[in-house]
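Visitor: Here you go, one structure.
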Amino acid sequence: MNIALTYNLRSTKRLAKNKKVIENIDFDDPKTIKGIKKSLENLGHKVFLVEADENAYLKFKRLKNKIDLVFNYSEGLHGRDREAQIPAMLEMLQIPYTGGSPLSYAIGLNKTKTKEILSYHHIATPQWQVFKTGREKLDRRLKFPLIVKPQSEGSSKGIFIKSLVKNEKELRKIVQEEINDYHQPIIAEEFLSGREFTVGVLGYPPRVLPIIEVRFDELPKGIPKFDHFEAKWLYDNPKFKADPLLCPAPIPAQLRKEIETMVLKAFEVLEMADWARFDLRLDQLGRPNILEVNCPAGLNPDPKENSRFPRAARVAGLSFEQLLQEIINSAIKRQGIK
């Protein structure tokens with residue numbers, strides 16, 4: 001097939017104190033995009049690269065009669081609904097693409113709307129409160145400790161060690177800081193004390209990939225055990241010898257079935273398509289709760305990197321190239337592309 005690969009590039013090296021890096025941390029470095037392109041070409045596809053910038057619409061318009069499908073790996077440039085930007089362009093141009101619709105991707109990035117939809121459909125998610133000004137009266141039903149996070153960010157952006165708060169004074173301080181830094185509503189969510197998992201969903205009809213447990217046992221003493229920015233981007237790298245990911249997760253069959261049923265239902269009600277990844281955590285009674293959905297999920301082709309969706313696919317017996325082809329096949333079948 002003739003495939004357009006669309007993406008957003010990280011403009012600078014990954015440095016923890018570099019503000020520009022933190023702003024576009026959910027973008028990808030050129031090595032990742034080159035790896036995806038090469039894998040698609042190894043599958044026999046002709047690949048056109050389209051960076052998801054302000055000129056993307058014109059590029060797609062020029063390519064419309066040359067391409068069969070767009071592999072959408074973009075994050076969008078600006079705004080709370082930015083992940084909907086490329087799907088919306090492609091809908092207007094009537095170009096088929098992988099992944100969810102503009103609505104589903106906008107909802108997926110919006111943690112509040114995701115949690116509202118999950119709750120409506122009786123899918124467990126931690127209790128939460130949204131702060132738009134920071135002066136809202138605290139919902140006394142919430143139980144500390146709480147995790148504070150921006151409403152519409154990914155890759156643990158805005159979720160730091162200090163985001164775990166133990167009382168209202170700490171909560172107010174962090175909420176106001178994040179409103180000032182991210183200029184968007186902030187969520188305070190009950191912190192669940194149990195094990196953490198991430199779960200990939202793939203294909204049409206969708207199926208669940210082997211469940212990954214995210215372990216925090218090897219983090220230095222005093223570092224909170226959750227998937228904060230420091231853990232993900234400072235310790236989750238080749239220089240940190242411990243592997244934080246365990247796949248398949250060592251869990252009882254009943255819990256595995258419960259998690260699989262939960263994420264498939266969430267995939268359906270959030271109107272996801274072709275692929276997505278869900279983050280979950282167990283509460284103190286061992287019951288799974290969905291924290292959020294990642295769409296698109298990370299796709300680093302390097303096995304040495306802890307890219308979670310490809311890791312689960314490898315355990316399922318899929319090479320990186322086979323994973324990409326499964327996503328393409330799902331989009332073809334779902335949309336009736338010939």
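Residue numbers start at 1 in each chain; chains themselves are named A, B, ... in the order of the structure tokens; ligands are numbered from 1 in the order shown.
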Write out as CSV the residues of range 216-324 of chain A that have any atom within 7 Å of an atom of range 151-172 of chain A, one row each with the nearest atom pair and its distance in Å to one decimal, counting only C-alpha atoms, sorted by chain and then rising number.
Guide:
residue,atom,partner,partner_atom,distance
A:Pro224,CA,A:Ile161,CA,6.5
A:His228,CA,A:Phe160,CA,5.0
A:Phe229,CA,A:Ser156,CA,5.1
A:Glu230,CA,A:Phe160,CA,6.4
Visitor: List as a list in words the protein and nucleic acid residues near range 322-327 of chain A, meaning an atom at most 8 Å away when only C-alpha atoms are counted, but skip any in the same chain fewer than 4 places from it.
Guide: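 The neighbour list is Ser39, Leu40, Leu43, Thr98, Leu202, Gly203, Asp274, Trp275, Pro310, Ala313, Leu318 and Ala331 of chain A.
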Visitor: Include N, CA and C atoms and write out the residues we just selected as an mmCIF file, in the first residue's frame.
Guide:
data_model
loop_
_atom_site.group_PDB
_atom_site.id
_atom_site.type_symbol
_atom_site.label_atom_id
_atom_site.label_comp_id
_atom_site.auth_asym_id
_atom_site.auth_seq_id
_atom_site.Cartn_x
_atom_site.Cartn_y
_atom_site.Cartn_z
ATOM 1 N N SER A 39 10.274 -0.028 9.133
ATOM 2 C CA SER A 39 9.469 -1.234 9.358
ATOM 3 C C SER A 39 8.313 -1.319 8.368
ATOM 4 N N LEU A 40 7.666 -0.194 8.097
ATOM 5 C CA LEU A 40 6.580 -0.186 7.112
ATOM 6 C C LEU A 40 7.118 -0.523 5.729
ATOM 7 N N LEU A 43 7.736 -4.127 5.203
ATOM 8 C CA LEU A 43 6.487 -4.848 4.945
ATOM 9 C C LEU A 43 6.041 -4.720 3.486
ATOM 10 N N THR A 98 -5.592 5.073 10.324
ATOM 11 C CA THR A 98 -5.622 4.163 11.459
ATOM 12 C C THR A 98 -6.029 4.920 12.723
ATOM 13 N N LEU A 202 -5.745 -4.365 20.668
ATOM 14 C CA LEU A 202 -5.307 -4.347 19.271
ATOM 15 C C LEU A 202 -6.307 -5.053 18.390
ATOM 16 N N GLY A 203 -6.562 -4.489 17.188
ATOM 17 C CA GLY A 203 -7.253 -5.206 16.133
ATOM 18 C C GLY A 203 -8.740 -4.926 15.995
ATOM 19 N N ASP A 274 -8.668 0.181 16.434
ATOM 20 C CA ASP A 274 -7.410 -0.399 15.948
ATOM 21 C C ASP A 274 -6.380 -0.647 17.045
ATOM 22 N N TRP A 275 -6.148 0.339 17.905
ATOM 23 C CA TRP A 275 -5.169 0.134 18.971
ATOM 24 C C TRP A 275 -5.267 1.241 20.010
ATOM 25 N N PRO A 310 4.679 -2.094 22.167
ATOM 26 C CA PRO A 310 5.485 -3.097 21.457
ATOM 27 C C PRO A 310 5.962 -4.235 22.354
ATOM 28 N N ALA A 313 3.184 -6.660 22.597
ATOM 29 C CA ALA A 313 3.026 -7.338 21.304
ATOM 30 C C ALA A 313 4.086 -8.414 21.120
ATOM 31 N N LEU A 318 4.304 -11.156 18.320
ATOM 32 C CA LEU A 318 4.315 -10.259 17.174
ATOM 33 C C LEU A 318 5.615 -9.459 17.138
ATOM 34 N N ALA A 331 -7.494 -1.389 10.490
ATOM 35 C CA ALA A 331 -8.095 -0.212 9.859
ATOM 36 C C ALA A 331 -8.735 -0.570 8.518
#
Visitor: Just how far from CA of Asn289 in chain A is CA of Met272 in chain A, in Å to one decimal?
Guide: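 Taking CA of Met272 in chain A as the start and CA of Asn289 in chain A as the end point, the length is 18.3 Å.
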Visitor: Quick check, in Å to one decimal: how far apart do CA of Glu190 in chain A and CA of Thr112 in chain A lie?
Guide: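 According to the coordinates, CA of Glu190 in chain A and CA of Thr112 in chain A are separated by 13.6 Å.
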Visitor: Considering only helix (DSSP H, G or I) as DSSP defines it on the backbone, what residues of range 219-332 of chain A qualify? List them as an MDAnalysis selection string.
Guide: chainID A and resid 229:235 253:269 308:315 320:332
Visitor: State, in Å with one decimal place, the distance from CA of Cys295 in chain A to CA of Leu77 in chain A.
Guide: 15.1 Å
Visitor: Find the residues near Asp227 in chain A: any atom within 12 Å, counting only C-alpha atoms, skip ones fewer than 4 places away on the same chain, and give them as an NGL selection string.
Guide: :A and (147 or 149 or 154-161 or 163-164 or 191 or 195-198 or 213-217 or 219 or 223 or 231-236 or 244-245 or 279-281 or 291)
Visitor: Skipping near chain neighbours, those fewer than 6 positions away, what residues fall within 10 Å of Trp128 in chain A using only C-alpha atoms, listed as a PyMOL selection string?
Guide: chain A and resi 112+115-116+139+141-143+146-148+187-191
Visitor: Contacts of Leu285 in chain A at 10 Å or less, counting only C-alpha atoms, minus same-chain residues fewer than 4 places along, as an NGL selection string?
Guide: :A and (192-194)
Visitor: Please produce a file of those selected residues containing C-alpha atoms, as a compact mmCIF listing (two decimals), in the first residue's frame.
Guide:
# COMPACT_ATOMS: atom_id res chain seq x y z
CA LEU A 192 -4.86 3.70 44.81
CA SER A 193 -2.35 1.68 46.83
CA GLY A 194 -2.34 -1.54 44.78
Visitor: Residues of range 135-184 of chain A classed as strand (DSSP E or B) by DSSP on the backbone are to be reported as a PyMOL selection string.
Guide: chain A and resi 146-150+164-165
Visitor: Any chance you can output those residues with N, CA and C atoms as a PDB file, in the first residue's frame?
Guide:
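Heads up, here's the output in out_22.pdb:
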ATOM      1  N   LEU A 146      -3.959  12.054  47.423  1.00  0.00           N
ATOM      2  CA  LEU A 146      -4.489  12.297  46.095  1.00  0.00           C
ATOM      3  C   LEU A 146      -3.335  12.501  45.115  1.00  0.00           C
ATOM      4  N   ILE A 147      -3.596  12.192  43.864  1.00  0.00           N
ATOM      5  CA  ILE A 147      -2.664  12.484  42.777  1.00  0.00           C
ATOM      6  C   ILE A 147      -3.206  13.684  42.014  1.00  0.00           C
ATOM      7  N   VAL A 148      -2.361  14.682  41.782  1.00  0.00           N
ATOM      8  CA  VAL A 148      -2.761  15.889  41.056  1.00  0.00           C
ATOM      9  C   VAL A 148      -2.159  15.823  39.658  1.00  0.00           C
ATOM     10  N   LYS A 149      -2.978  16.064  38.635  1.00  0.00           N
ATOM     11  CA  LYS A 149      -2.485  15.958  37.263  1.00  0.00           C
ATOM     12  C   LYS A 149      -3.255  16.895  36.340  1.00  0.00           C
ATOM     13  N   PRO A 150      -2.608  17.392  35.277  1.00  0.00           N
ATOM     14  CA  PRO A 150      -3.329  18.194  34.279  1.00  0.00           C
ATOM     15  C   PRO A 150      -4.393  17.338  33.586  1.00  0.00           C
ATOM     16  N   LEU A 164       1.863  13.812  44.439  1.00  0.00           N
ATOM     17  CA  LEU A 164       1.182  12.992  45.445  1.00  0.00           C
ATOM     18  C   LEU A 164       1.044  13.842  46.705  1.00  0.00           C
ATOM     19  N   VAL A 165      -0.196  14.221  47.014  1.00  0.00           N
ATOM     20  CA  VAL A 165      -0.423  15.148  48.131  1.00  0.00           C
ATOM     21  C   VAL A 165      -1.162  14.455  49.262  1.00  0.00           C
TER      22      VAL A 165
END
Visitor: Nearest to Pro87 in chain A among A:Ala266, A:Leu58, A:Val208, A:Ala52, with distances taken over only C-alpha atoms: which residue is it?
Guide: A:Ala52
Visitor: Excluding Glu41 in chain A and residues on its chain fewer than 2 positions from it, collect all residues at most 12 Å away from it, counting only C-alpha atoms, and give them as a list in words.
Guide: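 Everything that qualifies: Met1, Asn2, Ile3, Ala4, Leu5, Lys34, Gly35, Ile36, Lys37, Lys38, Ser39, Leu43, Gly44, His45, Lys46, Val47, Phe48, Leu49, Glu321, Leu324 and Gln325 of chain A.
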Visitor: Compare A:Ile212, A:Ile117, A:Ile186, A:Met92 by their minimum atom-to-atom distance to Lys265 in chain A, counting only C-alpha atoms, and give me the closest one.
Guide: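 Comparing A:Ile212, A:Ile117, A:Ile186, A:Met92 against Lys265 in chain A, the winner is A:Ile117.
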Visitor: My list of candidates is A:Pro205, A:Pro301, A:Gly336, A:Gly134. Which is closest to Asp28 in chain A when distances are computed with only C-alpha atoms?
Guide: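 Once distances to Asp28 in chain A are computed over only C-alpha atoms, the minimum belongs to A:Pro301.
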Visitor: Which residue is closest to Glu218 in chain A? Choose from A:Val201, A:Ile332, A:Val315, A:Ala242 and count only C-alpha atoms.
Guide: A:Ala242
Visitor: Considering only C-alpha atoms, state which residue in the set A:Asn8, A:Ser104, A:Val269, A:Asp68 is at the smallest distance from Ile337 in chain A.
Guide: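 Looking at the shortest contact to Ile337 in chain A, the residue is A:Asp68.
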Visitor: Using only C-alpha atoms, pick whichever of A:Ser74, A:Asn42, A:Thr32, A:Gln254 has the shortest atom-to-atom distance to Pro296 in chain A.
Guide: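 For Pro296 in chain A, the nearest of the candidates is A:Ser74.
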Visitor: Would you mind listing what lies within 7 Å of Pro248 in chain A as a list in words, with only C-alpha atoms counted and same-chain residues fewer than 2 positions away left out?
Guide: Pro210, Ile211, Ile212, Leu246 and Pro250 of chain A
